[in-house]
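This is final-v2.txt. It holds compact mmCIF, C-alpha atoms and all ligand atoms.
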```txt
# COMPACT_ATOMS: atom_id res chain seq x y z
CA MET A 22 64.28 -39.02 -25.55
CA PRO A 23 65.46 -40.40 -22.15
CA ARG A 24 63.85 -43.68 -21.25
CA ASP A 25 61.85 -42.36 -18.29
CA ASP A 26 60.36 -39.58 -20.39
CA GLN A 27 59.45 -42.06 -23.06
CA ALA A 28 57.77 -44.34 -20.53
CA SER A 29 55.79 -41.52 -18.95
CA ARG A 30 54.73 -40.24 -22.37
CA LEU A 31 53.52 -43.72 -23.27
CA ARG A 32 51.62 -43.98 -20.00
CA ARG A 33 49.98 -40.63 -20.70
CA LEU A 34 49.11 -41.70 -24.25
CA ILE A 35 47.46 -44.87 -23.00
CA GLN A 36 45.61 -43.02 -20.23
CA GLU A 37 44.26 -40.40 -22.62
CA ALA A 38 43.40 -43.01 -25.24
CA ARG A 39 40.91 -44.58 -22.83
CA ASP A 40 38.68 -41.54 -22.95
CA THR A 41 38.47 -41.32 -26.71
CA ARG A 42 35.14 -42.21 -28.24
CA THR A 43 35.17 -43.99 -31.57
CA ILE A 44 32.37 -43.89 -34.10
CA ALA A 45 32.59 -46.20 -37.09
CA ILE A 46 30.48 -45.46 -40.13
CA CYS A 47 29.87 -48.53 -42.27
CA SER A 48 27.49 -50.09 -44.75
CA GLY A 49 26.93 -53.32 -46.58
CA LYS A 50 26.26 -51.78 -49.98
CA GLY A 51 28.62 -49.17 -51.39
CA GLY A 52 27.69 -45.63 -52.39
CA VAL A 53 25.04 -45.11 -49.70
CA GLY A 54 26.62 -41.96 -48.21
CA LYS A 55 29.17 -43.12 -45.61
CA SER A 56 31.94 -40.71 -46.54
CA ASN A 57 29.56 -37.75 -46.59
CA VAL A 58 28.23 -38.72 -43.17
CA CYS A 59 31.78 -39.08 -41.80
CA LEU A 60 33.02 -35.74 -43.01
CA ASN A 61 29.94 -33.72 -42.12
CA LEU A 62 29.39 -35.40 -38.75
CA SER A 63 33.04 -34.77 -37.87
CA ILE A 64 32.67 -31.07 -38.61
CA LEU A 65 29.57 -30.84 -36.40
CA LEU A 66 31.30 -32.69 -33.56
CA SER A 67 34.26 -30.36 -33.84
CA ALA A 68 31.98 -27.31 -33.85
CA ALA A 69 30.51 -28.63 -30.58
CA GLY A 70 33.93 -28.30 -28.97
CA ASN A 71 35.42 -31.76 -29.42
CA ARG A 72 38.84 -32.56 -30.79
CA VAL A 73 37.94 -34.72 -33.76
CA ALA A 74 39.88 -36.88 -36.20
CA VAL A 75 38.35 -38.57 -39.20
CA VAL A 76 40.12 -41.63 -40.52
CA ASP A 77 39.64 -43.00 -43.99
CA ALA A 78 39.95 -46.66 -43.16
CA ASP A 79 38.77 -47.92 -46.53
CA LEU A 80 42.20 -49.19 -47.42
CA GLY A 81 41.17 -50.41 -50.84
CA LEU A 82 39.15 -47.51 -52.22
CA ALA A 83 39.89 -44.47 -50.13
CA ASN A 84 37.84 -41.43 -51.06
CA LEU A 85 37.29 -39.14 -48.08
CA ASP A 86 39.88 -36.62 -49.23
CA VAL A 87 38.03 -36.29 -52.54
CA LEU A 88 35.14 -34.68 -50.65
CA VAL A 89 37.30 -31.80 -49.49
CA ASP A 90 39.50 -29.62 -51.59
CA VAL A 91 42.73 -30.05 -49.70
CA GLY A 92 46.12 -31.17 -50.86
CA VAL A 93 47.08 -34.63 -49.67
CA VAL A 94 50.74 -35.44 -50.04
CA ALA A 95 50.90 -38.76 -48.25
CA ASN A 96 48.45 -41.26 -46.84
CA LEU A 97 48.14 -44.42 -44.78
CA SER A 98 50.01 -46.47 -47.37
CA HIS A 99 53.11 -44.41 -46.57
CA VAL A 100 52.63 -45.12 -42.88
CA VAL A 101 52.37 -48.83 -43.64
CA ALA A 102 55.49 -48.61 -45.79
CA GLY A 103 57.28 -46.95 -42.87
CA THR A 104 58.37 -43.92 -44.90
CA HIS A 105 56.08 -41.54 -42.98
CA LYS A 106 54.87 -41.08 -39.43
CA LEU A 107 51.17 -40.58 -38.94
CA ILE A 108 51.78 -36.95 -38.01
CA ASP A 109 53.25 -36.39 -41.51
CA VAL A 110 50.13 -37.62 -43.30
CA VAL A 111 47.48 -35.99 -41.09
CA VAL A 112 45.82 -33.04 -42.80
CA ASP A 113 44.41 -30.24 -40.64
CA LEU A 114 41.12 -29.40 -42.29
CA PRO A 115 40.07 -25.75 -41.99
CA TRP A 116 37.14 -26.71 -39.73
CA GLY A 117 39.22 -27.97 -36.84
CA VAL A 118 39.11 -31.59 -37.92
CA GLN A 119 42.15 -33.77 -38.49
CA LEU A 120 41.88 -35.95 -41.59
CA VAL A 121 43.87 -39.14 -41.95
CA PRO A 122 43.79 -39.84 -45.69
CA GLY A 123 43.20 -43.41 -46.75
CA ALA A 124 45.36 -45.54 -48.94
CA SER A 125 43.78 -46.31 -52.28
CA GLY A 126 44.85 -49.64 -53.65
CA LEU A 127 46.62 -50.75 -50.49
CA ALA A 128 46.47 -54.43 -49.63
CA LYS A 129 43.68 -55.24 -47.23
CA MET A 130 44.48 -54.76 -43.57
CA ALA A 131 44.05 -58.46 -42.91
CA GLN A 132 46.58 -59.16 -45.65
CA LEU A 133 49.29 -56.90 -44.31
CA SER A 134 52.24 -58.58 -42.73
CA GLU A 135 52.23 -58.70 -38.97
CA PHE A 136 55.00 -56.12 -38.91
CA GLN A 137 53.14 -53.72 -41.24
CA ARG A 138 49.94 -54.07 -39.28
CA ALA A 139 51.67 -53.47 -35.96
CA GLN A 140 53.41 -50.43 -37.44
CA LEU A 141 50.14 -48.97 -38.69
CA LEU A 142 48.25 -49.57 -35.46
CA ALA A 143 51.07 -48.22 -33.32
CA GLU A 144 50.95 -45.00 -35.32
CA LEU A 145 47.15 -44.78 -35.16
CA VAL A 146 47.24 -45.10 -31.36
CA THR A 147 48.79 -41.64 -31.23
CA LEU A 148 45.55 -40.24 -32.67
CA GLU A 149 43.64 -41.39 -29.62
CA ALA A 150 45.74 -39.27 -27.31
CA ASP A 151 45.14 -36.14 -29.35
CA ASN A 152 41.41 -36.44 -29.93
CA ASP A 153 38.14 -36.75 -28.04
CA ILE A 154 36.32 -38.42 -30.90
CA ILE A 155 37.58 -40.48 -33.82
CA VAL A 156 35.19 -40.98 -36.71
CA ILE A 157 36.10 -43.83 -39.02
CA ASP A 158 35.03 -44.24 -42.60
CA CYS A 159 34.96 -48.00 -43.04
CA GLY A 160 34.73 -49.49 -46.48
CA ALA A 161 31.51 -51.08 -47.71
CA GLY A 162 30.96 -54.77 -47.19
CA ILE A 163 31.13 -57.43 -44.53
CA GLY A 164 34.68 -58.74 -44.92
CA ALA A 165 37.00 -58.99 -41.92
CA ASP A 166 39.14 -56.28 -43.48
CA THR A 167 36.30 -53.76 -43.66
CA LEU A 168 34.59 -54.48 -40.35
CA GLN A 169 37.67 -54.71 -38.17
CA PHE A 170 37.49 -51.06 -37.17
CA ALA A 171 33.73 -51.19 -36.68
CA ALA A 172 33.99 -54.22 -34.41
CA ALA A 173 36.24 -52.34 -31.99
CA ALA A 174 34.32 -49.04 -31.95
CA ASP A 175 32.05 -47.57 -29.27
CA ASN A 176 29.36 -46.75 -31.79
CA VAL A 177 28.69 -48.18 -35.20
CA VAL A 178 26.47 -46.25 -37.54
CA VAL A 179 25.22 -48.49 -40.32
CA VAL A 180 24.18 -46.42 -43.30
CA THR A 181 21.59 -47.74 -45.72
CA THR A 182 19.15 -46.43 -48.29
CA PRO A 183 15.53 -47.64 -48.47
CA GLU A 184 16.44 -49.96 -51.38
CA PRO A 185 15.92 -53.63 -50.54
CA THR A 186 19.46 -54.52 -51.65
CA ALA A 187 20.98 -51.92 -49.32
CA ILE A 188 18.75 -53.02 -46.42
CA THR A 189 19.70 -56.68 -46.90
CA ASP A 190 23.38 -55.76 -46.91
CA ALA A 191 22.96 -53.54 -43.83
CA TYR A 192 21.41 -56.52 -42.04
CA ALA A 193 24.44 -58.61 -43.03
CA VAL A 194 26.74 -56.03 -41.38
CA ILE A 195 24.70 -56.16 -38.16
CA LYS A 196 24.77 -59.95 -38.27
CA VAL A 197 28.55 -60.10 -38.61
CA LEU A 198 29.03 -57.60 -35.77
CA THR A 199 26.69 -59.64 -33.58
CA GLN A 200 28.58 -62.83 -34.40
CA ARG A 201 31.77 -61.00 -33.50
CA ASP A 202 30.29 -60.23 -30.08
CA PHE A 203 30.25 -56.48 -30.69
CA LYS A 204 30.00 -54.63 -27.37
CA GLY A 205 29.09 -51.11 -28.48
CA GLN A 206 25.95 -49.52 -29.83
CA ILE A 207 24.59 -49.99 -33.33
CA SER A 208 22.45 -47.29 -34.98
CA LEU A 209 20.88 -47.24 -38.39
CA LEU A 210 20.95 -44.12 -40.54
CA VAL A 211 18.61 -44.26 -43.51
CA ASN A 212 19.91 -42.04 -46.27
CA MET A 213 18.34 -40.73 -49.47
CA VAL A 214 14.75 -41.16 -48.32
CA THR A 215 11.77 -39.41 -49.91
CA ASP A 216 10.27 -38.53 -46.52
CA ARG A 217 10.43 -39.38 -42.81
CA HIS A 218 7.74 -42.03 -43.16
CA GLU A 219 9.89 -44.00 -45.55
CA ALA A 220 12.81 -43.63 -43.11
CA ARG A 221 10.70 -44.83 -40.19
CA ARG A 222 9.38 -47.85 -42.13
CA THR A 223 12.91 -48.82 -43.20
CA TYR A 224 14.28 -48.48 -39.68
CA GLU A 225 11.43 -50.40 -38.05
CA ARG A 226 11.60 -53.27 -40.51
CA LEU A 227 15.33 -53.74 -40.06
CA ALA A 228 15.37 -53.19 -36.29
CA ASP A 229 12.55 -55.71 -35.90
CA VAL A 230 14.34 -58.40 -37.94
CA ALA A 231 17.62 -57.77 -36.06
CA ARG A 232 15.84 -58.09 -32.73
CA ARG A 233 13.96 -61.25 -33.65
CA PHE A 234 16.66 -63.18 -35.50
CA LEU A 235 19.85 -61.86 -33.90
CA GLY A 236 18.65 -60.60 -30.53
CA THR A 237 20.41 -57.32 -31.37
CA THR A 238 19.10 -53.86 -30.57
CA VAL A 239 19.51 -51.39 -33.39
CA LEU A 240 18.94 -47.76 -32.44
CA ASN A 241 17.32 -45.24 -34.73
CA GLY A 242 20.16 -43.09 -36.05
CA GLY A 243 17.83 -40.85 -38.00
CA TYR A 244 17.66 -40.21 -41.72
CA MET A 245 18.74 -37.90 -44.48
CA PRO A 246 16.45 -37.09 -47.40
CA GLU A 247 17.61 -37.31 -50.97
CA ASP A 248 18.76 -33.72 -51.32
CA PRO A 249 20.22 -32.09 -54.45
CA LYS A 250 22.23 -29.78 -52.17
CA VAL A 251 24.27 -32.77 -51.02
CA LYS A 252 25.19 -33.57 -54.62
CA ILE A 253 26.08 -29.95 -55.37
CA ALA A 254 28.29 -29.80 -52.25
CA VAL A 255 30.04 -33.04 -53.30
CA ARG A 256 30.72 -31.60 -56.75
CA GLU A 257 32.09 -28.40 -55.23
CA ARG A 258 34.13 -30.44 -52.73
CA LYS A 259 32.59 -28.59 -49.81
CA PRO A 260 30.86 -30.12 -46.77
CA PHE A 261 27.08 -29.65 -47.00
CA VAL A 262 26.76 -28.81 -43.27
CA LEU A 263 28.72 -25.67 -44.09
CA THR A 264 27.21 -24.78 -47.48
CA ASN A 265 23.65 -25.54 -46.29
CA PRO A 266 23.52 -25.70 -42.50
CA GLN A 267 19.73 -25.50 -42.50
CA CYS A 268 19.00 -28.22 -45.04
CA ALA A 269 17.31 -31.39 -43.79
CA ALA A 270 20.46 -33.50 -44.19
CA SER A 271 22.43 -31.05 -42.02
CA ARG A 272 19.75 -30.96 -39.34
CA CYS A 273 19.57 -34.74 -39.20
CA LEU A 274 23.31 -35.00 -38.69
CA ALA A 275 23.20 -32.24 -36.08
CA SER A 276 20.78 -34.26 -34.01
CA MET A 277 22.99 -37.34 -34.34
CA ALA A 278 26.04 -35.30 -33.35
CA SER A 279 24.35 -34.04 -30.21
CA LYS A 280 23.62 -37.63 -29.16
CA PHE A 281 27.28 -38.55 -29.57
CA CYS A 282 28.37 -35.53 -27.54
CA SER A 283 26.46 -36.72 -24.51
CA GLY A 284 26.74 -40.25 -23.13
CA GLY A 285 29.84 -41.98 -21.90
CA SER A 286 31.93 -44.70 -23.37
CA LEU A 287 30.24 -47.96 -24.18
CA VAL A 288 33.04 -50.44 -24.46
CA ASP A 289 35.75 -51.68 -22.17
CA LYS A 290 38.44 -49.01 -22.17
CA ARG A 291 41.22 -50.92 -20.52
CA GLU A 292 42.69 -51.03 -23.98
CA GLY A 293 42.57 -48.18 -26.46
CA PHE A 294 40.58 -48.46 -29.64
CA PHE A 295 43.41 -49.40 -31.98
CA ARG A 296 44.60 -52.04 -29.52
CA ARG A 297 41.15 -53.58 -29.71
CA VAL A 298 41.44 -53.53 -33.50
CA ALA A 299 44.71 -55.44 -33.20
CA ASN A 300 43.11 -58.00 -30.90
CA TRP A 301 40.22 -58.47 -33.25
CA LEU A 302 42.60 -59.33 -36.07
CA SER A 303 44.73 -61.76 -34.13
N1 LIG B 401 21.34 -37.39 -48.87
C1 LIG B 401 21.80 -37.41 -50.13
N2 LIG B 401 21.13 -36.77 -51.11
C2 LIG B 401 21.58 -36.78 -52.37
N3 LIG B 401 22.68 -37.42 -52.78
C3 LIG B 401 23.38 -38.07 -51.86
C4 LIG B 401 23.01 -38.10 -50.48
N4 LIG B 401 23.91 -38.82 -49.80
C5 LIG B 401 24.82 -39.22 -50.71
N5 LIG B 401 24.51 -38.78 -51.94
C6 LIG B 401 25.22 -39.03 -53.19
O1 LIG B 401 25.77 -40.33 -53.14
C7 LIG B 401 27.13 -40.29 -53.51
C8 LIG B 401 27.89 -41.31 -52.70
O2 LIG B 401 28.07 -40.83 -51.38
P1 LIG B 401 29.34 -41.27 -50.52
O3 LIG B 401 30.56 -41.14 -51.33
O4 LIG B 401 29.25 -40.51 -49.25
O5 LIG B 401 28.96 -42.81 -50.32
P2 LIG B 401 29.88 -43.95 -49.70
O6 LIG B 401 28.95 -44.85 -48.96
O7 LIG B 401 31.01 -43.37 -48.95
O8 LIG B 401 30.41 -44.67 -51.00
P3 LIG B 401 31.60 -45.78 -51.07
O9 LIG B 401 30.97 -47.06 -50.58
O10 LIG B 401 31.92 -45.83 -52.53
O11 LIG B 401 32.71 -45.31 -50.22
C9 LIG B 401 27.58 -38.86 -53.26
O12 LIG B 401 28.57 -38.49 -54.16
C10 LIG B 401 26.35 -38.05 -53.46
O13 LIG B 401 26.26 -37.67 -54.82
MG MG B 402 33.08 -43.65 -49.14
```
Please re-express this file's structure in structure tokens.
Amino acid sequence: MPRDDQASRLRRLIQEARDTRTIAICSGKGGVGKSNVCLNLSILLSAAGNRVAVVDADLGLANLDVLVDVGVVANLSHVVAGTHKLIDVVVDLPWGVQLVPGASGLAKMAQLSEFQRAQLLAELVTLEADNDIIVIDCGAGIGADTLQFAAAADNVVVVTTPEPTAITDAYAVIKVLTQRDFKGQISLLVNMVTDRHEARRTYERLADVARRFLGTTVLNGGYMPEDPKVKIAVRERKPFVLTNPQCAASRCLASMASKFCSGGSLVDKREGFFRRVANWLS
């Protein structure tokens, strides 16, 4: 490509990247429903007319592609290795969502060499130009490697269950983000509740502690009940918003999706999202 064309394409990429909204889904404790939220929320956002990509950023234990019955030939580990471009590993899901499969067993992002990390981030930047919303499935935990994507996002959705261990770990995530001077919005989604009262109690307790001890506002991101239909959909490798669009879990996510569709960007967009990730790591 002639140099001028390349420069103007880069300028366009950077310009478009500024308008992309990023939503990171994370949790302290594992197994609380992050990947299900990511996939199903992405489908709803796409159905609302957005160009959506979902990135499995859990570089140690990737599992988003297991939730959908699609063939994955290559993943982020191949991008890191330099054998594939991002475009070669992206899977077009049948519901208008682009899936970037994660890299099971890959060294943690923070442990990649500078060259590998730069290579990966440079490839991921291209996603921002092609999408309105990027939903990121972060791994569980509070390590620098898992929260790096969350720290650079517009919105972080912390998923918890009403169990005290999950709530304590969710608080730890909020604390680390606060210490990292997180500029976006944090919401709490309480999953696997018995009813809305339990969800409300869990949210209020955690939001109150975060406000008092960290000075951080945590928004109410809603809840999802414990629902056997979610488990059945997981076993069938089908998104529950499609198999059961009227179930409570689907309706909860629909209301969250509509909030993300309105509202502008929350963080400084002079740099694109993946550039902010790079800065956070340096
Ligand atoms: N609302 C729900 N009702 C019933 N079961 C649920 C619900 N949400 C999640 N599950 C169950 O919990 C399991 C774990 O969900 P998921 O894989 O989305 O969690 P995760 O947070 O991504 O886990 P990991 O930390 O291992 O990546 C699912 O396989 C499903 O069986
Ligand atoms: Mg997961």
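Distances here use all atoms listed in the file; by that measure, the residue among A:Val178, A:Leu85, A:Leu133, A:Ile44 closest to ligand MG 402 (chain B) is A:Leu85.
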Smallest atom-to-atom distance to Leu65 in chain A: which of A:Lys106, A:Lys204, A:Arg297, A:Lys280, using all atoms listed in the file? A:Lys280
Closest pair table for chain A residues within 7 Å of ligand LIG 401 (chain B), all atoms listed in the file, as CSV:
```
residue,atom,partner,partner_atom,distance
A:Ser48,CA,B:LIG401,O6,6.9
A:Lys50,CA,B:LIG401,O9,6.7
A:Gly51,CA,B:LIG401,O9,3.3
A:Gly52,CA,B:LIG401,O8,3.2
A:Val53,CA,B:LIG401,O6,4.0
A:Gly54,CA,B:LIG401,O4,3.2
A:Lys55,CA,B:LIG401,O6,3.8
A:Ser56,CA,B:LIG401,O7,3.7
A:Asn57,CA,B:LIG401,O4,3.8
A:Val58,CA,B:LIG401,O4,6.4
A:Asn84,CA,B:LIG401,O11,6.5
A:Gly160,CA,B:LIG401,O11,6.0
A:Ala161,CA,B:LIG401,O9,5.0
A:Asn212,CA,B:LIG401,N1,5.5
A:Met213,CA,B:LIG401,N1,4.5
A:Met245,CA,B:LIG401,N1,5.1
A:Pro246,CA,B:LIG401,N1,5.1
A:Glu247,CA,B:LIG401,N2,3.6
A:Asp248,CA,B:LIG401,N2,3.9
A:Pro249,CA,B:LIG401,C2,5.3
A:Val251,CA,B:LIG401,C2,5.0
A:Lys252,CA,B:LIG401,O13,4.2
A:Val255,CA,B:LIG401,O12,5.7
A:Ala270,CA,B:LIG401,N1,6.1
```
For range 139-153 of chain A, please output as a PyMOL selection string all residues within 10 Å (counting all atoms listed in the file; exclusion window: fewer than 3 positions along the same chain). chain A and resi 31+33-43+66-67+70-76+97-103+105-108+111+118-119+121+130+133-136+282+293-299
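Note that the spacing between CA of Tyr192 in chain A and CA of Thr167 in chain A amounts to 15.2 Å.
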d(CA of Val214 in chain A, CA of Thr189 in chain A) in Å: 16.4 Å
Calculate how many Å separate CA of Ile195 in chain A from CA of Ile163 in chain A, rounding to one decimal. 9.1 Å
For Asp190 in chain A, which residue out of A:Asp79, A:Gln267, A:Gln206, A:Leu227 is the nearest one, using all atoms listed in the file? A:Leu227
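Considering the residues A:Pro260, A:Gly162, A:Gly236, A:Gly117 and counting all atoms listed in the file, Ala187 in chain A has its shortest atom-to-atom contact with A:Gly162.
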For ligand MG 402 (chain B), which residue out of A:Ser125, A:Thr238, A:Asn96, A:Thr104 is the nearest one, using all atoms listed in the file?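 Looking only at the distances to ligand MG 402 (chain B), the closest residue turns out to be A:Ser125.
Among the candidates A:Met277, A:Ile46, A:Val91, A:Ile188, the residue lying nearest to Asp77 in chain A is A:Ile46 (atoms considered: all atoms listed in the file).
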If we count only C-alpha atoms, what is near Arg258 in chain A at a cut-off of 7 Å, once residues fewer than 4 positions away on the same chain are taken out, given as a PyMOL selection string? chain A and resi 88-90+254
Restricting the output to C-alpha atoms, write the selected residues as a PDB file, keeping the file's coordinate frame.
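Everything below was put into part02.pdb:
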```pdb
ATOM      1  CA  LEU A  88      35.140 -34.680 -50.650  1.00  0.00           C
ATOM      2  CA  VAL A  89      37.300 -31.800 -49.490  1.00  0.00           C
ATOM      3  CA  ASP A  90      39.500 -29.620 -51.590  1.00  0.00           C
ATOM      4  CA  ALA A 254      28.290 -29.800 -52.250  1.00  0.00           C
TER       5      ALA A 254
END
```
Could you get me a file of range 155-181 of chain A with N, CA and C atoms, as a PDB file, in the first residue's frame, taken from the block above?
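In the end it all went to part.pdb:
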```
ATOM      1  N   ILE A 155     -17.369  -2.787  21.987  1.00  0.00           N
ATOM      2  CA  ILE A 155     -16.549  -3.978  22.223  1.00  0.00           C
ATOM      3  C   ILE A 155     -16.837  -4.461  23.645  1.00  0.00           C
ATOM      4  N   VAL A 156     -17.268  -5.703  23.736  1.00  0.00           N
ATOM      5  CA  VAL A 156     -17.554  -6.292  25.041  1.00  0.00           C
ATOM      6  C   VAL A 156     -16.402  -7.244  25.363  1.00  0.00           C
ATOM      7  N   ILE A 157     -15.851  -7.106  26.549  1.00  0.00           N
ATOM      8  CA  ILE A 157     -14.647  -7.869  26.878  1.00  0.00           C
ATOM      9  C   ILE A 157     -14.893  -8.795  28.053  1.00  0.00           C
ATOM     10  N   ASP A 158     -14.629 -10.057  27.822  1.00  0.00           N
ATOM     11  CA  ASP A 158     -14.732 -11.046  28.889  1.00  0.00           C
ATOM     12  C   ASP A 158     -13.385 -11.113  29.594  1.00  0.00           C
ATOM     13  N   CYS A 159     -13.304 -10.464  30.742  1.00  0.00           N
ATOM     14  CA  CYS A 159     -12.040 -10.473  31.496  1.00  0.00           C
ATOM     15  C   CYS A 159     -12.010 -11.747  32.335  1.00  0.00           C
ATOM     16  N   GLY A 160     -10.869 -12.188  32.673  1.00  0.00           N
ATOM     17  CA  GLY A 160     -10.785 -13.338  33.564  1.00  0.00           C
ATOM     18  C   GLY A 160     -11.230 -12.950  34.967  1.00  0.00           C
ATOM     19  N   ALA A 161     -11.413 -13.952  35.823  1.00  0.00           N
ATOM     20  CA  ALA A 161     -11.744 -13.675  37.220  1.00  0.00           C
ATOM     21  C   ALA A 161     -10.481 -13.248  37.958  1.00  0.00           C
ATOM     22  N   GLY A 162     -10.672 -12.468  39.006  1.00  0.00           N
ATOM     23  CA  GLY A 162      -9.531 -12.129  39.862  1.00  0.00           C
ATOM     24  C   GLY A 162      -9.135 -10.673  39.784  1.00  0.00           C
ATOM     25  N   ILE A 163      -8.147 -10.332  40.607  1.00  0.00           N
ATOM     26  CA  ILE A 163      -7.776  -8.918  40.719  1.00  0.00           C
ATOM     27  C   ILE A 163      -6.342  -8.654  40.269  1.00  0.00           C
ATOM     28  N   GLY A 164      -5.729  -9.619  39.605  1.00  0.00           N
ATOM     29  CA  GLY A 164      -4.346  -9.418  39.156  1.00  0.00           C
ATOM     30  C   GLY A 164      -4.267  -8.380  38.051  1.00  0.00           C
ATOM     31  N   ALA A 165      -3.080  -7.804  37.886  1.00  0.00           N
ATOM     32  CA  ALA A 165      -2.872  -6.793  36.836  1.00  0.00           C
ATOM     33  C   ALA A 165      -3.220  -7.374  35.478  1.00  0.00           C
ATOM     34  N   ASP A 166      -2.928  -8.651  35.287  1.00  0.00           N
ATOM     35  CA  ASP A 166      -3.180  -9.280  33.992  1.00  0.00           C
ATOM     36  C   ASP A 166      -4.667  -9.388  33.689  1.00  0.00           C
ATOM     37  N   THR A 167      -5.491  -9.574  34.705  1.00  0.00           N
ATOM     38  CA  THR A 167      -6.925  -9.729  34.434  1.00  0.00           C
ATOM     39  C   THR A 167      -7.647  -8.384  34.362  1.00  0.00           C
ATOM     40  N   LEU A 168      -7.190  -7.420  35.148  1.00  0.00           N
ATOM     41  CA  LEU A 168      -7.923  -6.152  35.197  1.00  0.00           C
ATOM     42  C   LEU A 168      -7.422  -5.095  34.224  1.00  0.00           C
ATOM     43  N   GLN A 169      -6.402  -5.429  33.448  1.00  0.00           N
ATOM     44  CA  GLN A 169      -5.846  -4.415  32.554  1.00  0.00           C
ATOM     45  C   GLN A 169      -6.882  -3.902  31.549  1.00  0.00           C
ATOM     46  N   PHE A 170      -7.691  -4.817  31.017  1.00  0.00           N
ATOM     47  CA  PHE A 170      -8.696  -4.391  30.045  1.00  0.00           C
ATOM     48  C   PHE A 170      -9.804  -3.606  30.743  1.00  0.00           C
ATOM     49  N   ALA A 171     -10.190  -4.081  31.928  1.00  0.00           N
ATOM     50  CA  ALA A 171     -11.244  -3.391  32.671  1.00  0.00           C
ATOM     51  C   ALA A 171     -10.828  -1.962  32.988  1.00  0.00           C
ATOM     52  N   ALA A 172      -9.575  -1.780  33.384  1.00  0.00           N
ATOM     53  CA  ALA A 172      -9.118  -0.459  33.815  1.00  0.00           C
ATOM     54  C   ALA A 172      -9.163   0.572  32.707  1.00  0.00           C
ATOM     55  N   ALA A 173      -9.164   0.123  31.456  1.00  0.00           N
ATOM     56  CA  ALA A 173      -9.160   1.060  30.335  1.00  0.00           C
ATOM     57  C   ALA A 173     -10.533   1.209  29.679  1.00  0.00           C
ATOM     58  N   ALA A 174     -11.538   0.505  30.211  1.00  0.00           N
ATOM     59  CA  ALA A 174     -12.854   0.484  29.559  1.00  0.00           C
ATOM     60  C   ALA A 174     -13.710   1.696  29.924  1.00  0.00           C
ATOM     61  N   ASP A 175     -14.768   1.926  29.142  1.00  0.00           N
ATOM     62  CA  ASP A 175     -15.742   2.964  29.486  1.00  0.00           C
ATOM     63  C   ASP A 175     -16.607   2.501  30.651  1.00  0.00           C
ATOM     64  N   ASN A 176     -17.053   1.269  30.546  1.00  0.00           N
ATOM     65  CA  ASN A 176     -17.932   0.699  31.559  1.00  0.00           C
ATOM     66  C   ASN A 176     -17.362  -0.618  32.045  1.00  0.00           C
ATOM     67  N   VAL A 177     -17.378  -0.793  33.342  1.00  0.00           N
ATOM     68  CA  VAL A 177     -17.028  -2.096  33.898  1.00  0.00           C
ATOM     69  C   VAL A 177     -18.279  -2.654  34.572  1.00  0.00           C
ATOM     70  N   VAL A 178     -18.622  -3.862  34.196  1.00  0.00           N
ATOM     71  CA  VAL A 178     -19.708  -4.541  34.881  1.00  0.00           C
ATOM     72  C   VAL A 178     -19.070  -5.614  35.757  1.00  0.00           C
ATOM     73  N   VAL A 179     -19.212  -5.450  37.063  1.00  0.00           N
ATOM     74  CA  VAL A 179     -18.680  -6.452  37.985  1.00  0.00           C
ATOM     75  C   VAL A 179     -19.822  -7.424  38.270  1.00  0.00           C
ATOM     76  N   VAL A 180     -19.560  -8.690  37.981  1.00  0.00           N
ATOM     77  CA  VAL A 180     -20.588  -9.708  38.206  1.00  0.00           C
ATOM     78  C   VAL A 180     -20.291 -10.398  39.532  1.00  0.00           C
ATOM     79  N   THR A 181     -21.335 -10.579  40.322  1.00  0.00           N
ATOM     80  CA  THR A 181     -21.184 -11.325  41.571  1.00  0.00           C
ATOM     81  C   THR A 181     -22.417 -12.203  41.756  1.00  0.00           C
TER      82      THR A 181
END
```
